[in-house]
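Okay, structure13.json now, which holds JSON, C-alpha atoms and all ligand atoms:
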```json
[["chain", "number", "residue", "atom", "x", "y", "z"],
["A", 663, "MET", "CA", 0.00, 0.00, 0.00],
["A", 664, "PRO", "CA", 2.22, 2.81, -1.18],
["A", 665, "ILE", "CA", 1.81, 6.40, -0.10],
["A", 666, "LEU", "CA", 1.23, 8.35, -3.28],
["A", 667, "PRO", "CA", 2.20, 11.91, -4.21],
["A", 668, "ILE", "CA", -0.65, 14.42, -3.95],
["A", 669, "ILE", "CA", -1.09, 16.76, -6.90],
["A", 670, "THR", "CA", -1.46, 20.46, -6.15],
["A", 671, "LEU", "CA", -2.79, 23.61, -7.79],
["A", 672, "PRO", "CA", -2.35, 24.57, -10.65],
["A", 673, "ASP", "CA", -2.31, 20.92, -11.87],
["A", 674, "PRO", "CA", -5.06, 20.87, -14.55],
["A", 675, "LEU", "CA", -6.27, 17.41, -13.44],
["A", 676, "LEU", "CA", -7.82, 19.08, -10.38],
["A", 677, "ARG", "CA", -10.28, 20.80, -12.73],
["A", 678, "LYS", "CA", -11.38, 17.61, -14.51],
["A", 679, "LYS", "CA", -14.54, 15.64, -13.84],
["A", 680, "SER", "CA", -13.95, 12.11, -12.49],
["A", 681, "ALA", "CA", -15.56, 9.04, -14.10],
["A", 682, "PRO", "CA", -17.76, 6.53, -12.22],
["A", 683, "ILE", "CA", -16.32, 3.23, -11.01],
["A", 684, "GLU", "CA", -18.17, 0.38, -12.70],
["A", 685, "THR", "CA", -16.94, -2.59, -10.68],
["A", 686, "VAL", "CA", -15.59, -2.68, -7.14],
["A", 687, "ASP", "CA", -12.69, -5.10, -7.61],
["A", 688, "ASP", "CA", -9.27, -5.68, -6.07],
["A", 689, "GLU", "CA", -7.84, -2.84, -8.12],
["A", 690, "VAL", "CA", -10.35, -0.41, -6.59],
["A", 691, "ARG", "CA", -9.73, -1.82, -3.09],
["A", 692, "GLY", "CA", -5.98, -1.42, -3.62],
["A", 693, "LEU", "CA", -6.49, 2.15, -4.80],
["A", 694, "THR", "CA", -8.62, 3.07, -1.77],
["A", 695, "ASN", "CA", -6.12, 1.45, 0.63],
["A", 696, "SER", "CA", -3.39, 3.61, -0.88],
["A", 697, "MET", "CA", -5.64, 6.65, -0.64],
["A", 698, "LEU", "CA", -6.26, 6.03, 3.07],
["A", 699, "GLU", "CA", -2.52, 5.58, 3.72],
["A", 700, "THR", "CA", -1.77, 8.75, 1.76],
["A", 701, "MET", "CA", -4.46, 10.72, 3.63],
["A", 702, "TYR", "CA", -3.24, 9.56, 7.06],
["A", 703, "ALA", "CA", 0.38, 10.33, 6.14],
["A", 704, "ALA", "CA", -0.38, 13.82, 4.82],
["A", 705, "PRO", "CA", -2.10, 14.21, 7.37],
["A", 706, "GLY", "CA", -5.60, 14.99, 6.18],
["A", 707, "ILE", "CA", -9.22, 14.11, 6.97],
["A", 708, "GLY", "CA", -10.38, 13.56, 3.38],
["A", 709, "LEU", "CA", -8.85, 12.67, 0.02],
["A", 710, "ALA", "CA", -10.40, 12.24, -3.43],
["A", 711, "ALA", "CA", -8.83, 9.96, -6.05],
["A", 712, "VAL", "CA", -8.20, 12.89, -8.40],
["A", 713, "GLN", "CA", -5.80, 14.29, -5.79],
["A", 714, "ILE", "CA", -3.46, 11.39, -6.50],
["A", 715, "GLY", "CA", -4.07, 11.86, -10.21],
["A", 716, "VAL", "CA", -6.75, 9.16, -10.66],
["A", 717, "LEU", "CA", -9.94, 10.49, -12.26],
["A", 718, "ARG", "CA", -12.35, 8.05, -10.62],
["A", 719, "ARG", "CA", -15.38, 8.86, -8.48],
["A", 720, "VAL", "CA", -14.16, 7.78, -5.06],
["A", 721, "PHE", "CA", -12.96, 9.47, -1.90],
["A", 722, "VAL", "CA", -11.85, 8.49, 1.59],
["A", 723, "LEU", "CA", -12.63, 10.26, 4.83],
["A", 724, "ASP", "CA", -11.67, 9.98, 8.49],
["A", 725, "THR", "CA", -12.43, 12.86, 10.82],
["A", 726, "ALA", "CA", -11.40, 10.94, 13.98],
["A", 727, "LYS", "CA", -8.18, 12.76, 14.75],
["A", 728, "GLY", "CA", -5.56, 12.17, 17.40],
["A", 729, "GLU", "CA", -3.33, 9.27, 18.43],
["A", 730, "LYS", "CA", -5.68, 7.92, 21.11],
["A", 731, "VAL", "CA", -8.80, 7.98, 18.95],
["A", 732, "PRO", "CA", -9.49, 4.79, 16.98],
["A", 733, "LYS", "CA", -9.42, 5.24, 13.23],
["A", 734, "GLN", "CA", -12.82, 5.63, 11.59],
["A", 735, "PRO", "CA", -12.22, 5.35, 7.86],
["A", 736, "PHE", "CA", -14.97, 5.71, 5.27],
["A", 737, "VAL", "CA", -14.63, 4.86, 1.59],
["A", 738, "LEU", "CA", -17.36, 6.30, -0.65],
["A", 739, "ILE", "CA", -17.53, 5.09, -4.25],
["A", 740, "ASN", "CA", -19.72, 6.92, -6.80],
["A", 741, "PRO", "CA", -21.15, 9.18, -4.06],
["A", 742, "GLU", "CA", -24.25, 11.26, -4.73],
["A", 743, "ILE", "CA", -25.86, 13.80, -2.42],
["A", 744, "LEU", "CA", -29.56, 12.97, -2.05],
["A", 745, "SER", "CA", -30.53, 15.87, 0.21],
["A", 746, "PHE", "CA", -29.17, 18.73, 2.28],
["A", 747, "GLY", "CA", -30.18, 19.86, 5.77],
["A", 748, "ASP", "CA", -31.43, 23.42, 6.29],
["A", 749, "THR", "CA", -28.87, 24.53, 8.86],
["A", 750, "PRO", "CA", -25.67, 26.05, 7.49],
["A", 751, "ARG", "CA", -22.25, 25.38, 8.96],
["A", 752, "VAL", "CA", -19.15, 27.50, 8.52],
["A", 753, "HIS", "CA", -15.79, 25.76, 8.58],
["A", 754, "GLU", "CA", -12.28, 27.00, 7.93],
["A", 755, "GLU", "CA", -11.42, 24.68, 5.06],
["A", 756, "GLY", "CA", -8.09, 23.72, 3.66],
["A", 757, "CYS", "CA", -7.15, 21.26, 0.92],
["A", 758, "LEU", "CA", -4.17, 18.93, 0.54],
["A", 759, "SER", "CA", -4.01, 20.12, -3.09],
["A", 760, "ILE", "CA", -3.78, 23.80, -2.07],
["A", 761, "PRO", "CA", -1.25, 23.47, 0.79],
["A", 762, "GLN", "CA", -1.26, 25.97, 3.63],
["A", 763, "MET", "CA", -4.23, 27.97, 2.37],
["A", 764, "TYR", "CA", -7.39, 28.20, 4.47],
["A", 765, "ALA", "CA", -10.67, 30.05, 4.18],
["A", 766, "GLU", "CA", -14.10, 29.93, 5.77],
["A", 767, "VAL", "CA", -16.69, 28.17, 3.64],
["A", 768, "GLU", "CA", -20.39, 27.85, 4.44],
["A", 769, "ARG", "CA", -22.11, 24.59, 3.53],
["A", 770, "PRO", "CA", -25.16, 22.68, 4.84],
["A", 771, "ALA", "CA", -24.44, 20.97, 8.20],
["A", 772, "LEU", "CA", -26.20, 17.77, 7.16],
["A", 773, "VAL", "CA", -26.18, 15.73, 3.96],
["A", 774, "ARG", "CA", -27.72, 12.43, 2.98],
["A", 775, "VAL", "CA", -25.48, 10.52, 0.61],
["A", 776, "ARG", "CA", -25.93, 7.45, -1.56],
["A", 777, "TYR", "CA", -22.73, 5.59, -2.38],
["A", 778, "VAL", "CA", -21.27, 2.17, -3.11],
["A", 779, "ASP", "CA", -19.11, 0.56, -0.43],
["A", 780, "LEU", "CA", -16.04, -1.68, -0.78],
["A", 781, "GLU", "CA", -18.25, -4.77, -1.03],
["A", 782, "GLY", "CA", -20.01, -3.23, -4.01],
["A", 783, "GLN", "CA", -23.20, -2.68, -1.96],
["A", 784, "GLN", "CA", -25.24, 0.50, -2.30],
["A", 785, "GLN", "CA", -25.52, 2.46, 0.95],
["A", 786, "GLU", "CA", -27.38, 5.53, 2.13],
["A", 787, "GLN", "CA", -26.05, 7.48, 5.05],
["A", 788, "ASP", "CA", -26.39, 10.83, 6.79],
["A", 789, "PHE", "CA", -23.24, 12.81, 7.48],
["A", 790, "ALA", "CA", -23.33, 15.73, 9.91],
["A", 791, "ASP", "CA", -21.10, 18.60, 11.01],
["A", 792, "LEU", "CA", -17.41, 18.15, 10.13],
["A", 793, "GLN", "CA", -18.13, 14.95, 8.20],
["A", 794, "ALA", "CA", -20.81, 16.80, 6.19],
["A", 795, "THR", "CA", -18.29, 19.51, 5.33],
["A", 796, "VAL", "CA", -15.67, 16.95, 4.25],
["A", 797, "VAL", "CA", -18.17, 14.91, 2.20],
["A", 798, "GLN", "CA", -19.24, 18.03, 0.27],
["A", 799, "HIS", "CA", -15.62, 19.19, -0.19],
["A", 800, "GLU", "CA", -14.63, 15.76, -1.57],
["A", 801, "ILE", "CA", -17.67, 15.36, -3.84],
["A", 802, "ASP", "CA", -16.77, 18.80, -5.24],
["A", 803, "HIS", "CA", -13.34, 17.36, -6.16],
["A", 804, "LEU", "CA", -15.05, 14.69, -8.29],
["A", 805, "GLU", "CA", -16.60, 17.54, -10.31],
["A", 806, "GLY", "CA", -13.36, 19.50, -10.64],
["A", 807, "VAL", "CA", -14.55, 22.03, -8.05],
["A", 808, "LEU", "CA", -12.26, 23.34, -5.29],
["A", 809, "PHE", "CA", -13.18, 24.98, -1.98],
["A", 810, "ILE", "CA", -11.84, 28.30, -3.26],
["A", 811, "ASP", "CA", -14.65, 28.29, -5.84],
["A", 812, "HIS", "CA", -17.08, 28.87, -2.95],
["A", 813, "LEU", "CA", -15.39, 32.17, -2.03],
["A", 814, "SER", "CA", -16.19, 35.58, -3.47],
["A", 815, "ARG", "CA", -14.10, 36.47, -6.51],
["A", 816, "LEU", "CA", -12.15, 38.98, -4.45],
["A", 817, "ARG", "CA", -11.32, 36.53, -1.65],
["A", 818, "ARG", "CA", -10.51, 33.79, -4.15],
["A", 819, "ASN", "CA", -8.11, 36.00, -6.10],
["A", 820, "LEU", "CA", -6.40, 37.12, -2.90],
["A", 821, "LEU", "CA", -5.95, 33.54, -1.76],
["A", 822, "ILE", "CA", -4.62, 32.40, -5.17],
["A", 823, "ARG", "CA", -2.14, 35.28, -5.23],
["A", 824, "LYS", "CA", -0.99, 34.41, -1.72],
["A", 825, "TYR", "CA", -0.69, 30.74, -2.74],
["A", 826, "HIS", "CA", 1.46, 31.47, -5.80],
["A", 827, "LYS", "CA", 3.67, 33.80, -3.79],
["A", 828, "ALA", "CA", 4.18, 31.09, -1.14],
["A", 829, "GLN", "CA", 4.95, 28.53, -3.89],
["A", 830, "ARG", "CA", 7.55, 30.85, -5.44],
["A", 831, "GLU", "CA", 9.14, 31.50, -2.07],
["A", 832, "ARG", "CA", 9.26, 27.80, -1.29],
["A", 833, "ALA", "CA", 10.88, 27.10, -4.68],
["A", 834, "GLY", "CA", 13.39, 29.89, -4.10],
["A", 835, "ALA", "CA", 14.24, 28.51, -0.67],
["A", 836, "GLU", "CA", 15.29, 25.13, -2.10],
["A", 837, "PRO", "CA", 18.88, 24.31, -1.03],
["A", 838, "LEU", "CA", 21.36, 23.99, -3.89],
["B", 1, "ZN", "ZN", -9.49, 19.14, -1.14]]
```
Translate this file's structure into structure tokens.
Ligand SMILES: [Zn+2]
Amino acid sequence: MPILPIITLPDPLLRKKSAPIETVDDEVRGLTNSMLETMYAAPGIGLAAVQIGVLRRVFVLDTAKGEKVPKQPFVLINPEILSFGDTPRVHEEGCLSIPQMYAEVERPALVRVRYVDLEGQQQEQDFADLQATVVQHEIDHLEGVLFIDHLSRLRRNLLIRKYHKAQRERAGAEPL
């Protein structure tokens, strides 16, 4: 189960739409195992396949953080949001593909999702609070949408400028 490199902005793959997974086979299970390892190593609480350069509709999620907390991994294949709750929730979001950049995003605090699990069975489940935020962030990835797209144009442009400046500085700071 190798840890895979995570692609970052401005990689054009991040803007592509991912294709559905037709059969849940060993290849898919291997992919999702690698995605979980990669997410835990990053560390992150969600990772979509596109972020490791694979344009398939699957993401992993685990919001149980901390050494003493047991892992609580979810793998959602071909996820679809069936309904949203009425209450909004604001969360300071980041993204492993836009390192070190954070901004507050408002999304519904509850979502009902239909997805296929690792046994190939269709499931329906409610996700609330932080998990609801992560589920919506990751499903956005499958559509080529990033959390910065939920910001006003002004805030998005500021954040992108800050991001590129940080990238340039990091590149310039590389030891010879
Ligand atoms: Zn992300």
(request) Check the smallest atom-to-atom distance from each of A:Asn740, A:Asn695, A:Ser745, A:Gln829 to Leu717 of chain A using all atoms listed in the file, then report the winner. (result)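 Among the listed residues, A:Asn740 lies closest to Leu717 of chain A.
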Compile a residue-level contact table for chain A against ligand ZN 1 (chain B) at a cut-off of 12 Å, reporting for every qualifying residue the shortest atom pair and its distance in Å to one decimal, with all atoms listed in the file counted, rows ordered by chain and ascending number, as a Markdown table.
```
| residue | atom | partner | partner_atom | distance |
| --- | --- | --- | --- | --- |
| A:Ile668 | CA | B:ZN1 | ZN | 10.4 |
| A:Ile669 | CA | B:ZN1 | ZN | 10.5 |
| A:Thr670 | CA | B:ZN1 | ZN | 9.6 |
| A:Leu671 | CA | B:ZN1 | ZN | 10.4 |
| A:Leu676 | CA | B:ZN1 | ZN | 9.4 |
| A:Arg677 | CA | B:ZN1 | ZN | 11.7 |
| A:Met701 | CA | B:ZN1 | ZN | 10.9 |
| A:Gly706 | CA | B:ZN1 | ZN | 9.3 |
| A:Ile707 | CA | B:ZN1 | ZN | 9.5 |
| A:Gly708 | CA | B:ZN1 | ZN | 7.2 |
| A:Leu709 | CA | B:ZN1 | ZN | 6.6 |
| A:Ala710 | CA | B:ZN1 | ZN | 7.3 |
| A:Ala711 | CA | B:ZN1 | ZN | 10.4 |
| A:Val712 | CA | B:ZN1 | ZN | 9.7 |
| A:Gln713 | CA | B:ZN1 | ZN | 7.7 |
| A:Ile714 | CA | B:ZN1 | ZN | 11.2 |
| A:Phe721 | CA | B:ZN1 | ZN | 10.3 |
| A:Val722 | CA | B:ZN1 | ZN | 11.2 |
| A:Leu723 | CA | B:ZN1 | ZN | 11.2 |
| A:Glu755 | CA | B:ZN1 | ZN | 8.5 |
| A:Gly756 | CA | B:ZN1 | ZN | 6.8 |
| A:Cys757 | CA | B:ZN1 | ZN | 3.8 |
| A:Leu758 | CA | B:ZN1 | ZN | 5.6 |
| A:Ser759 | CA | B:ZN1 | ZN | 5.9 |
| A:Ile760 | CA | B:ZN1 | ZN | 7.4 |
| A:Pro761 | CA | B:ZN1 | ZN | 9.5 |
| A:Gln762 | CA | B:ZN1 | ZN | 11.7 |
| A:Met763 | CA | B:ZN1 | ZN | 10.9 |
| A:Tyr764 | CA | B:ZN1 | ZN | 10.9 |
| A:Thr795 | CA | B:ZN1 | ZN | 10.9 |
| A:Val796 | CA | B:ZN1 | ZN | 8.5 |
| A:Val797 | CA | B:ZN1 | ZN | 10.2 |
| A:Gln798 | CA | B:ZN1 | ZN | 9.9 |
| A:His799 | CA | B:ZN1 | ZN | 6.2 |
| A:Glu800 | CA | B:ZN1 | ZN | 6.2 |
| A:Ile801 | CA | B:ZN1 | ZN | 9.4 |
| A:Asp802 | CA | B:ZN1 | ZN | 8.4 |
| A:His803 | CA | B:ZN1 | ZN | 6.6 |
| A:Leu804 | CA | B:ZN1 | ZN | 10.1 |
| A:Glu805 | CA | B:ZN1 | ZN | 11.7 |
| A:Gly806 | CA | B:ZN1 | ZN | 10.3 |
| A:Val807 | CA | B:ZN1 | ZN | 9.0 |
| A:Leu808 | CA | B:ZN1 | ZN | 6.5 |
| A:Phe809 | CA | B:ZN1 | ZN | 7.0 |
| A:Ile810 | CA | B:ZN1 | ZN | 9.7 |
| A:Asp811 | CA | B:ZN1 | ZN | 11.5 |
```
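We find atom CA of Glu831 of chain A and atom CA of Pro664 of chain A to be spaced 29.5 Å apart.
Between atom CA of Arg815 of chain A and atom CA of Gly715 of chain A the interatomic distance comes to 26.8 Å.
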(message) Within 6 Å of (-25.0, 13.3, 0.9) in the file's own coordinates, which protein, DNA or RNA residues have an atom, counting all atoms listed in the file? List them as a list in words.
(response)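 Every polymer residue passing the test: Ile743, Leu744, Val773, Arg774 and Val775 of chain A.
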(message) With distances taken over all atoms listed in the file, which residue among A:Glu768, A:Arg832, A:Leu738, A:Pro705 lies nearest Gln787 of chain A?
(response)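 When distances to Gln787 of chain A are compared using all atoms listed in the file, the smallest one comes from A:Leu738.
Here atom CA of Val737 of chain A stands at a distance of 7.3 Å from atom CA of Val720 of chain A.
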(message) Taking only C-alpha atoms into account, name the residue in A:Asn819, A:Gln793, A:Lys678, A:Asp779 that is nearest to Thr725 of chain A.
(response) A:Gln793
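For the residues A:Arg719, A:Ile665, A:Asp688, A:Lys730, ranking by smallest atom-to-atom distance to Ala704 of chain A using only C-alpha atoms places A:Ile665 first.
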(request) Return the single residue from A:Val778, A:Ala790, A:Ala835, A:Val731 that is closest to Gly747 of chain A, with distances computed using all atoms listed in the file. (result)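 Distance minimum relative to Gly747 of chain A lands on A:Ala790.
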(request) May I have the residues within 6 Å of Arg718 of chain A as number ranges by chain, using only C-alpha atoms and disregarding those fewer than 6 positions away in the same chain? (result) A: 680-682
